[in-house]
Amino acid sequence: GSTSKSDEKKKLVIYTGRDKNVVNTVISKFKQKYPDIEVEALTMGAQEILERVRGEKANPQADFWWGAPQTTLMTAAEEGLLESYKPGFADKIPANYKDAQHRWVGEMLLPEVIMYNSKALKKEEAPQDWDQLLDPKFKDKIVIRGVMQSGTMRMIYSSMIYRLGADQPQKGYEWLKKLDANTKEYTPNPTSLYLKLTRQEGTVSVWNLQDIMIQKELKKMPVDFIYPKSGAPILVDGVGIVKGAKNADAAKKFYEFLFEEQTASELSKKFYQIPTRTDLKKPDWLAGTELKPLNIDWAVMAKKEKEWMQYWDANIKNKGKK
Amino acid sequence: MPNLYEGAGILTNVKLDHVSKYFDKVIGVENIDVEIRSGEFFTFLGPSGCGKTTTLRMIAGFYYPTSGRIFFGDQDVTYLPPNKRNIGMVFQNYALFPHLTVFENVAFGLQVRKKSKQEIREKVERALKMVHLDGYGNRRIDQLSGGQQQRVALARALVIEPQILLLDEPLSNLDAKLREETRVEIKRLQLELGITTIYVTHDQAEAMAMSDRIMVMKNGVVQQVGTPEEIYNRPNNQFVASFIGESNLLEGTVEEMDDRLVKVRISPELVLSGWKENAAPGVQLKKGEKTTVSIRPESIREASSSEQGEENVVRGQVTLSEFTGVSVNYLTRVGEHQLKSMFVNRGFRVYQRGEELTISIPKESVYFLG
Amino acid sequence: MPNLYEGAGILTNVKLDHVSKYFDKVIGVENIDVEIRSGEFFTFLGPSGCGKTTTLRMIAGFYYPTSGRIFFGDQDVTYLPPNKRNIGMVFQNYALFPHLTVFENVAFGLQVRKKSKQEIREKVERALKMVHLDGYGNRRIDQLSGGQQQRVALARALVIEPQILLLDEPLSNLDAKLREETRVEIKRLQLELGITTIYVTHDQAEAMAMSDRIMVMKNGVVQQVGTPEEIYNRPNNQFVASFIGESNLLEGTVEEMDDRLVKVRISPELVLSGWKENAAPGVQLKKGEKTTVSIRPESIREASSSEQGEENVVRGQVTLSEFTGVSVNYLTRVGEHQLKSMFVNRGFRVYQRGEELTISIPKESVYFLG
Amino acid sequence: MYSTSNHSWTPSAMKRKTSITSSPYFVYVLVSPLFLVLLAYVIYPLFQTFIESAQIDGTFSLQNYLEFFSLKNTSNLEALWTSIYISILSVITCGIVGVGMAFLLERYEFPGRKILSVLVMVPMSLPPLIGVLSFEFLYGKSGIIPRAFQAWLGLNEVPFALSGITGVLVVHTFTMYTYFYMTASAAIKGLDPSLEEAAASLGASRFYIWRRVILPMLTPAMVASSLLVFMISMASYTAPLIFGVERTMTMQIYLSRTNGDLDMAATQSTILSIVSILFLLIMRWYQNIRNYQNMSKGISVHRTEVKSKVGKYVAMILSLIGVMILLLPILVLVLLSFSVDGSWTVEVLPTEYTLNHYIELFTDSRTWRPIANSFEMSMIATIGNILFGVAAAYAAVRLKFKGKTLLDVLIMIPWALPGTVVGINLIAAFSEPSVFSLNQVLVGTFWIIPLAYFVRHLPLVFRSTSAVLLQMDRSAEEAARSLGASWWYSFRRVVFPMAFSGILVGALLAFVQGIGEFVASILIYTSETVPISVEIFQRMYAFEFGTACAYGVLQILLILIVLFISQKVSGNNNITV
Ligand SMILES: Nc1ncnc2c1ncn2[C@@H]1O[C@H](COP(=O)(O)OP(=O)(O)OP(=O)(O)O)[C@@H](O)[C@H]1O
Ligand SMILES: Nc1ncnc2c1ncn2[C@@H]1O[C@H](COP(=O)(O)OP(=O)(O)OP(=O)(O)O)[C@@H](O)[C@H]1O
Ligand SMILES: [Fe+3]
Ligand SMILES: [Mg+2]
Ligand SMILES: [Mg+2]
């Protein structure tokens, strides 16, 4: 049963993949607005959220799932872990950024871009487009976040294959093989990716725009991004209500709150999020960059990704140099 | 719960009812059937590995018999846990508590019985004094010599004044003086408190001196149960005769026999006569038949020259002469036989190897084992 | 470095040069100064806790002396590691390797010496046979009885035929038969191979029977070193007299004295005379002065009625009568004194507590301890 | 009989009592609670895992297993092989380092030995997440040591860097040698000193004695730690990942799960546990061949002799070096906690230092909550481990009953599985009320984490306790019983104190593991019970690397205090000079 007595505080349990600072900011604002709702936010990786929600399916503990790549959300939706709910702002979000049955909705866009060490390389010296990554001059200068464990990376790599023709992945494989040849190392986690980059074990990588901005602006790390000329795969990071949520009301309130203009623009300013809502103003820090997406059919990607990545893992990874 | 610990006055005979114990296929003991009377001092005697410890451990409750039952009084205790048996045990390997001091080791059983601090202190000190370890209370066990450790084990078992005392070679590492004193002390306690005591020793003299009855075992099988005199003077078989004390075992043929006397020819040079009644139970002597004669070395005397040629007086050559302080032991060759004899050291002249010696074997010391 | 393992022919006398060992403040042994001759069978004898094991462990190299030096032959071995000493040792606590079988335990020392498989097999089997454990080779140590374990320990030390053999109560858990046999075996090995043997035992008879010389200790201090006869018949002091065998120690005053005979009054009822030369080293007897007389119980005889009233013949009341098989022991009260006596069991009549008994004390058995 | 006594009981009253406790089946009464608990927390989830792996669309099928072993796609087989290979090597390296350190620190007395013997345990307190990173900082391509060499030798490139299997082994050795160290120390302490003397008297050299007497006598301890190390290496995730050894069983499981291949993941988990169980069975068999129980008569003297001066100093220097090497990664953490995030780039050592991370920690009122949480939950779990683990070890070593091996296997399985799998199993088992959870939903409550720690770390106490019990002469316990002590009394006064060293080792390992546990915690923690590891993870996730390190340092310090106190409690008095 959900919260019963009126004098008792209502509760809201959020599983979130967002960083602590984002969570704190949003929740304290939310609490100002809804002082009678007690919010519990548990931070973990998207994969862990999926595992937890899966495990708790019979007796869900969470109400709101805040933050996971759309592929994960799609899996969860397929497994029946997400509640179908159409929020009030739904119309302001383009159809390709949300589930048709409203089991999840994209909150922000994560363009995947090229990252470089701005202390070691000048902006002009860095690769300007995907294909330039294959340039021999970047041999052993590229470090990549371990592909198989990272939703982001799998997405980028699949996009590269898709880009060169989804029906004939061989081309994409070739491309990735060349990239592998130039890659010095795959790092086990984002932290060590940044560490290796700043410590100049490598100078170039690919990663998502938001993180790069945070590192650059908030952490004063010597990194910067280059938006590939031919366009970037834009990942959608979304949210949803857990199926069987005990505090569905509160979850809906939070849902709406999260997408309010004020919240979204604050997150955008402070944490470099690019909101999915089309009706909002483009953040200042994006001035001059055109968000050109690669043209990708996510349904096809989702179907193929597993096969492609397994192939990559088995046949390409660490084999490019031979 | 019954207060077993206030044991005084309780009669505790221990009955082993056809008890056997096998270790997989190895025989520990087989079919032991004996009753140890309440308040008795009972000794298990037998060669190393004959099953003494095994039997004791079954009585203590550390082994369950493979078959058979054990009773304390009327109560079947075969499967009763050891701590319910009100026994005190000295283990062959001491089994001291290494993490406790000497005092704490001895106090352990009293603490279990929830005695007052005061009483524990007094009793432990008395017990330590008894084994000459007063002043060692605070020592750690590993700071004691082997014999001292054994004494702690002894004190620990005695201090609780149990109803049944199981002693597995409790004095094996002590010197004669201390053994003697401790023996007296154990005996005193046993008599005073009416404790049923079961004693394992490798020392026959000790067994003889202390026991009310002795059980002689061999390869897990009981050979004889009886008083020290019975066992010594009327052994059931050759094994008992030779195991308890020294014995000359000689095979021969009954040559002559009348109502009282039997004459046995051992060898051309050696004919012995003895009293007919001196025969092991069940032995039927018949003229012309084989028999085995047992003679204790200490019963043999040096014959004076005047006795020469008398019955049971023979002359031989000393092949081994051994001085033990108390006595001189000889091996004397008579024909093909070597006769052991033991002469008490009274300042007699000591014969050396090779010398001739005339010995006399009293008729009453010739025992027929059949 | 000399190859100690090929020991045959090397003379190994063991010299303890003013050796002391303290454990913090506790005295282990103090100022031991003795030389054990090559090939000798030397015994440490003394009450429990007197420092026998401590001394042995210093010779083995497990303790370093607090002061003093130890020599094997000319070589100072005080700090030489044990494994370089070519010793064989039987530990008082056996110290068997629980993770190895009987065979492996015994073979250990031979494997260290890199003997061939064949040789090891043969030697181990012979050693096991010697201690009557043939067929036990594959047993685990925890499947043996106490005495069997001790025998494994013995076999393990003997099989390597070391130059120096250190035996710490190696027979304490064996029965008389087996002790006897093993003693003979040890002795044989020792003589055959010229092994210097240092033996610790609590059994004086054993010590007497086997030893070339004996060192008697008390509280860590040496009391006397000498042959068994010397120690038994001419003890240095009261302690030795009473520790080695039984002794009646009686205090009295020298009443009469001539060139050969001394007469001592012990009590109004008891006057003893003995030969003057029977006195401990350094004892000066003077008329009117106090002296202590030592009489061995076994030297006391039952007096025939005809001897009544003669010198050294006294009448008393039996206060304790103990049958040990070999002998009957009496305590006889004469005035305020209790005289221990031991009569060999020859089927004599056994006096009971309370009966009157007349005893005779041979003059040659009266020894003056000063 | 007994009629003369004036108490009121009758033989029949006694008989009733006897009939329960004396029955040969009594032991089953004793051990069945153990089995019940294990059934609930181990078998049940594991069985479900197996069912999942052997079911395709609701019908039984071994398809997944065929696929696993198919030669068409060998990545699973490769992963299995790599995992086994790494695990065996890890056992060997951990054994060498752990036993070596135990030998130096237990057998030699030198100034500072006590401090070193605490420090040597510190590596196990290394927080798993940032801990592995510190290796990167130390030995990675841009690590302090390679860069120092590069600078020193004036090279263009770093001369060496840790990677691949070597890297994994270094990390494994570093983080897991403590299993060997601690169990071996306890065993060396409990070893009958007269055995060494006996061997020496038979002419054996030090080395020979070690080879033939001491090491074999340490078998129970070594078997215990080998099992622990092997299994956790099999389940190791981060270390192989960091050093680019990606084809491991855990990685395969992870990938299967992210791919949504749940039945394949279940298959892989099952195979992982089967390998670990096989290893367990082999080790048990090996251990059971021989007897390790102290058989000497009486209590042997501990040798009081100081060894040669040279040996003493060599030992001192060796252990000092050992400890320094072992402490390096922790020192790096300390260094990082004081350096400005992102400032340390191409230099050998950080250039800018700051106290900010600590200030941040100490000014945040919530800093202590996770620490308190972790200590509390780990403590609860450890107490449970002691109660249950010691009882189970006692039963397994001392009692005779059928199903001992099964008990052993059951206890060890949670250790053999990857933490994630354990976490997921627990969620699955306790997200609905069941008999085993006393009809409570444990998921989302405080109790689920202590329960996870308990189940997962039970093997530590169980193993180390059984190792000492195997070594301990059981006759002391018999003596206590013969003196009238009930089972419980003699357990309390004799068995427990005599086995204390082993129990303490297990308890410490369990406690420290609990404090560091992350993989399962992240799946089951609630906002009330954020453990320190999750907190560190969150800081790292928010890119507050320095603060995360500072947090880690705090954790290490606290663990160090615990270790130090326990060292004092255990009264390290076996070596006296
Ligand atoms: N480690 C130790 N610490 C303190 N005192 C000790 C230590 N070892 C032995 N002692 C003491 O030193 C004395 C001599 O001991 P030792 O073991 O040499 O006696 P022992 O003659 O062999 O006696 P036993 O016949 O009982 O074995 C004893 O009083 C003993 O208590
Ligand atoms: N656990 C066991 N497994 C196999 N055989 C055993 C075991 N325990 C004892 N035995 C065997 O049982 C027999 C009897 O052993 P027990 O310990 O009772 O002998 P004992 O009479 O006490 O001998 P000792 O005087 O040498 O102590 C021995 O032959 C011994 O080898
Ligand atoms: Fe004896
Ligand atoms: Mg025995
Ligand atoms: Mg001794």
# chains A, B, ... in the order shown; residues from 1 in each chain; ligands from 1
>>> select_by_dssp(residues="stretch 12-107 of chain C", states="strand (DSSP E or B)", output="ChimeraX atom specification")
/C:14-23,26-36,41-45,67-72,75-76,87-90,101
>>> residues_around(residues="C:Pro81", least_positions_apart="3", cutoff="8 Å", atoms="only C-alpha atoms", output="number ranges by chain")
C: 61, 84-85
>>> residues_near_ligand(ligand="ligand 5", cutoff="9 Å", atoms="only C-alpha atoms and all ligand atoms", output="MDAnalysis selection string")
(chainID B and resid 144:148 173) or (chainID C and resid 48:54 56 91:93 168:169 200:201)
>>> closest_residue(among="B:Arg315, B:Lys263, B:Lys340, B:His132", to="B:Arg151", atoms="only C-alpha atoms")
B:His132
>>> select_by_dssp(residues="stretch 162-243 of chain A", states="helix (DSSP H, G or I)", output="number ranges by chain")
A: 162-163, 169-182, 190-198, 209-218
>>> residues_around(residues="stretch 7-21 of chain A", least_positions_apart="5", cutoff="10 Å", atoms="only C-alpha atoms", output="PyMOL selection string")
(chain A and resi 2+26-27+34-50+52-53+61-69+237+239+241-242+245-254+270-271) or (chain D and resi 526-527+535+538-544)
>>> write_last_selection(atoms="C-alpha atoms", output="compact mmCIF listing (two decimals), in the first residue's frame")
# COMPACT_ATOMS: atom_id res chain seq x y z
CA SER A 2 1.08 3.57 -0.54
CA VAL A 26 17.40 19.16 -7.83
CA ILE A 27 16.17 17.49 -4.70
CA TYR A 34 6.89 19.84 -1.82
CA PRO A 35 7.95 19.99 1.81
CA ASP A 36 5.67 17.11 2.73
CA ILE A 37 7.44 14.65 0.49
CA GLU A 38 10.43 12.94 1.89
CA VAL A 39 12.86 12.11 -0.86
CA GLU A 40 15.32 9.28 -0.78
CA ALA A 41 17.79 9.19 -3.59
CA LEU A 42 20.13 6.28 -4.14
CA THR A 43 22.97 6.90 -6.50
CA MET A 44 24.38 4.10 -8.62
CA GLY A 45 25.26 3.21 -12.15
CA ALA A 46 22.57 2.67 -14.74
CA GLN A 47 23.40 -1.01 -14.95
CA GLU A 48 23.04 -1.38 -11.18
CA ILE A 49 19.71 0.37 -11.30
CA LEU A 50 18.59 -2.10 -13.90
CA ARG A 52 18.09 -3.67 -8.70
CA VAL A 53 14.82 -2.89 -10.36
CA GLN A 61 11.38 -0.46 -3.69
CA ALA A 62 11.93 2.43 -6.02
CA ASP A 63 9.43 4.86 -7.43
CA PHE A 64 11.34 6.88 -9.92
CA TRP A 65 14.20 5.98 -12.17
CA TRP A 66 16.23 9.01 -12.93
CA GLY A 67 18.91 8.64 -15.45
CA ALA A 68 19.86 5.87 -17.84
CA PRO A 69 20.71 5.71 -21.48
CA ASP A 237 19.35 9.93 -21.29
CA VAL A 239 13.78 8.78 -16.82
CA ILE A 241 8.43 5.56 -13.26
CA VAL A 242 9.07 2.14 -11.85
CA ALA A 245 5.85 2.11 -7.53
CA LYS A 246 4.48 2.54 -4.06
CA ASN A 247 4.57 6.30 -4.24
CA ALA A 248 3.53 6.82 -7.78
CA ASP A 249 1.93 10.18 -6.96
CA ALA A 250 5.08 11.64 -5.59
CA ALA A 251 7.04 10.14 -8.45
CA LYS A 252 4.78 11.92 -10.90
CA LYS A 253 5.25 15.18 -9.07
CA PHE A 254 8.98 14.77 -9.26
CA LYS A 270 25.18 24.54 -13.89
CA PHE A 271 25.76 21.07 -15.09
CA THR D 526 19.20 2.17 1.18
CA SER D 527 19.44 5.86 1.90
CA GLU D 535 29.91 6.96 -0.53
CA GLN D 538 29.56 8.51 -5.31
CA ARG D 539 32.35 10.97 -4.74
CA MET D 540 34.28 9.43 -7.54
CA TYR D 541 31.21 9.40 -9.71
CA ALA D 542 30.90 13.12 -9.06
CA PHE D 543 34.55 13.46 -10.03
CA GLU D 544 35.60 14.45 -6.54
>>> atom_distance(atom1="atom CA of B:Val271", atom2="atom CA of B:Phe239")
23.1 Å
>>> atom_distance(atom1="atom CA of B:Asp259", atom2="atom CA of C:Phe348")
23.4 Å
>>> interface_residues(of="chain C", to="chain B", cutoff="7 Å", atoms="only C-alpha atoms", output="NGL selection string")
:C and (47-49 or 92 or 145-148 or 172-177 or 202-203 or 205 or 208-209 or 232 or 243 or 298-299 or 322-326 or 344-346)
>>> write_last_selection(atoms="C-alpha atoms", output="JSON list (two decimals), in the first residue's frame")
[["chain", "number", "residue", "atom", "x", "y", "z"],
["C", 47, "PRO", "CA", 63.85, -35.48, 40.92],
["C", 48, "SER", "CA", 61.32, -33.99, 38.58],
["C", 49, "GLY", "CA", 62.21, -30.41, 37.72],
["C", 92, "GLN", "CA", 60.33, -36.28, 26.66],
["C", 145, "SER", "CA", 48.75, -45.73, 21.69],
["C", 146, "GLY", "CA", 50.92, -43.65, 23.99],
["C", 147, "GLY", "CA", 53.56, -46.32, 24.34],
["C", 148, "GLN", "CA", 53.62, -46.97, 20.63],
["C", 172, "SER", "CA", 58.63, -43.97, 30.53],
["C", 173, "ASN", "CA", 55.46, -45.25, 28.94],
["C", 174, "LEU", "CA", 56.52, -48.80, 28.24],
["C", 175, "ASP", "CA", 55.86, -51.88, 30.25],
["C", 176, "ALA", "CA", 58.64, -53.68, 32.06],
["C", 177, "LYS", "CA", 59.12, -56.35, 29.40],
["C", 202, "HIS", "CA", 63.24, -41.47, 36.48],
["C", 203, "ASP", "CA", 63.86, -45.12, 37.06],
["C", 205, "ALA", "CA", 67.00, -49.38, 38.70],
["C", 208, "MET", "CA", 71.87, -48.47, 37.74],
["C", 209, "ALA", "CA", 71.62, -51.30, 35.30],
["C", 232, "TYR", "CA", 74.64, -46.47, 45.46],
["C", 243, "PHE", "CA", 67.18, -40.53, 46.23],
["C", 298, "GLU", "CA", 67.14, -54.55, 51.22],
["C", 299, "SER", "CA", 70.22, -55.10, 53.35],
["C", 322, "GLU", "CA", 53.34, -54.24, 51.34],
["C", 323, "PHE", "CA", 53.51, -57.06, 48.86],
["C", 324, "THR", "CA", 55.11, -56.13, 45.54],
["C", 325, "GLY", "CA", 55.40, -59.53, 43.98],
["C", 326, "VAL", "CA", 59.15, -59.73, 43.99],
["C", 344, "VAL", "CA", 62.58, -60.79, 48.78],
["C", 345, "ASN", "CA", 59.52, -62.90, 48.24],
["C", 346, "ARG", "CA", 60.66, -66.46, 48.59]]
>>> closest_residue(among="A:Glu185, A:Asp313, A:Asp279, A:Glu56", to="A:Tyr173", atoms="only C-alpha atoms")
A:Asp313
>>> residues_around(residues="stretch 373-385 of chain D", least_positions_apart="2", cutoff="10 Å", atoms="only C-alpha atoms", output="ChimeraX atom specification")
/D:368-371,387-392,446-462,503,506-517,528-534,555,558-559
>>> write_last_selection(atoms="C-alpha atoms", output="short mmCIF file (atom, residue, chain, number, x, y, z; two decimals), in the first residue's frame")
data_model
loop_
_atom_site.label_atom_id
_atom_site.label_comp_id
_atom_site.auth_asym_id
_atom_site.auth_seq_id
_atom_site.Cartn_x
_atom_site.Cartn_y
_atom_site.Cartn_z
CA TRP D 368 30.57 10.23 9.44
CA ARG D 369 27.24 8.64 8.64
CA PRO D 370 28.56 6.19 6.03
CA ILE D 371 31.51 5.39 8.21
CA LEU D 387 28.72 -17.25 16.09
CA PHE D 388 27.86 -19.17 13.03
CA GLY D 389 31.29 -19.66 11.49
CA VAL D 390 32.91 -20.93 14.62
CA ALA D 391 30.04 -23.30 15.29
CA ALA D 392 30.18 -24.58 11.74
CA PHE D 446 18.69 -2.10 7.23
CA TRP D 447 19.17 -5.85 7.61
CA ILE D 448 19.78 -6.77 4.03
CA ILE D 449 23.34 -5.42 3.99
CA PRO D 450 24.53 -7.08 7.20
CA LEU D 451 22.93 -10.21 5.84
CA ALA D 452 24.87 -9.91 2.63
CA TYR D 453 28.11 -9.31 4.48
CA PHE D 454 27.32 -12.20 6.74
CA VAL D 455 26.68 -14.66 3.96
CA ARG D 456 29.58 -13.49 1.92
CA HIS D 457 32.18 -13.34 4.66
CA LEU D 458 31.17 -16.39 6.61
CA PRO D 459 33.83 -18.44 4.80
CA LEU D 460 36.54 -16.25 6.30
CA VAL D 461 35.70 -17.10 9.88
CA PHE D 462 34.79 -20.65 9.03
CA ILE D 503 38.85 -16.93 15.15
CA GLY D 506 38.70 -14.69 10.53
CA ALA D 507 36.74 -12.05 12.35
CA LEU D 508 39.18 -9.33 11.40
CA LEU D 509 39.19 -10.37 7.78
CA ALA D 510 35.42 -10.48 7.74
CA PHE D 511 35.11 -7.14 9.44
CA VAL D 512 37.55 -5.38 7.15
CA GLN D 513 36.04 -6.99 4.08
CA GLY D 514 32.66 -5.81 5.24
CA ILE D 515 33.87 -2.26 5.53
CA GLY D 516 35.27 -2.33 2.03
CA GLU D 517 32.48 -4.30 0.35
CA GLU D 528 19.61 5.02 5.58
CA THR D 529 22.42 2.59 5.17
CA VAL D 530 24.84 4.12 2.74
CA PRO D 531 28.08 2.30 3.38
CA ILE D 532 31.42 3.97 3.11
CA SER D 533 32.26 2.21 -0.12
CA VAL D 534 29.16 3.52 -1.83
CA GLN D 555 38.70 4.45 6.23
CA LEU D 558 39.98 3.57 11.21
CA ILE D 559 40.70 0.03 10.12
#
>>> closest_residue(among="A:Tyr186, A:Phe257, A:Trp298, A:Trp308", to="chain D", atoms="only C-alpha atoms")
A:Tyr186
>>> closest_atom_pairs(of="chain C", to="chain D", cutoff="9 Å", atoms="only C-alpha atoms", output="Markdown table")
| residue | atom | partner | partner_atom | distance |
| --- | --- | --- | --- | --- |
| C:Tyr5 | CA | D:Gly203 | CA | 8.9 |
| C:Phe23 | CA | D:Thr304 | CA | 8.8 |
| C:Ala60 | CA | D:Ser201 | CA | 7.0 |
| C:Gly61 | CA | D:Ser201 | CA | 8.5 |
| C:Phe62 | CA | D:Glu197 | CA | 7.0 |
| C:Tyr63 | CA | D:Glu305 | CA | 6.5 |
| C:Tyr64 | CA | D:Glu305 | CA | 6.9 |
| C:Pro81 | CA | D:Ala200 | CA | 8.1 |
| C:Pro82 | CA | D:Ala200 | CA | 5.5 |
| C:Asn83 | CA | D:Gly203 | CA | 3.9 |
| C:Lys84 | CA | D:Gly203 | CA | 6.4 |
| C:Arg85 | CA | D:Gly203 | CA | 7.5 |
| C:Asn86 | CA | D:Gly203 | CA | 6.3 |
| C:Ile87 | CA | D:Ser201 | CA | 6.0 |
| C:Gly88 | CA | D:Ser201 | CA | 5.9 |
| C:Met89 | CA | D:Ser201 | CA | 6.3 |
| C:Val90 | CA | D:Ala198 | CA | 8.2 |
| C:Phe91 | CA | D:Ala198 | CA | 7.6 |
| C:Gln92 | CA | D:Lys297 | CA | 7.9 |
| C:Asn93 | CA | D:Lys297 | CA | 4.5 |
| C:Tyr94 | CA | D:Ser296 | CA | 6.0 |
| C:Ala95 | CA | D:Ser296 | CA | 5.2 |
| C:Leu96 | CA | D:Leu195 | CA | 6.7 |
| C:Phe97 | CA | D:Leu195 | CA | 6.3 |
| C:Pro98 | CA | D:Tyr292 | CA | 5.6 |
| C:His99 | CA | D:Asn291 | CA | 4.8 |
| C:Leu100 | CA | D:Arg290 | CA | 7.1 |
| C:Thr101 | CA | D:Arg290 | CA | 8.4 |
| C:Phe108 | CA | D:Leu202 | CA | 7.4 |
| C:Gly109 | CA | D:Leu202 | CA | 4.8 |
| C:Leu110 | CA | D:Leu202 | CA | 8.3 |
| C:Val112 | CA | D:Ala204 | CA | 5.7 |
| C:Arg113 | CA | D:Gly203 | CA | 7.6 |
| C:Arg140 | CA | D:Asn291 | CA | 7.3 |
| C:Ile141 | CA | D:Met295 | CA | 7.7 |
| C:Asp142 | CA | D:Met295 | CA | 6.9 |
| C:Gly146 | CA | D:Lys297 | CA | 8.9 |
| C:Arg156 | CA | D:Leu202 | CA | 8.4 |
| C:Ala157 | CA | D:Leu202 | CA | 7.3 |
| C:Ile160 | CA | D:Leu202 | CA | 7.6 |
| C:Pro162 | CA | D:Leu202 | CA | 8.7 |
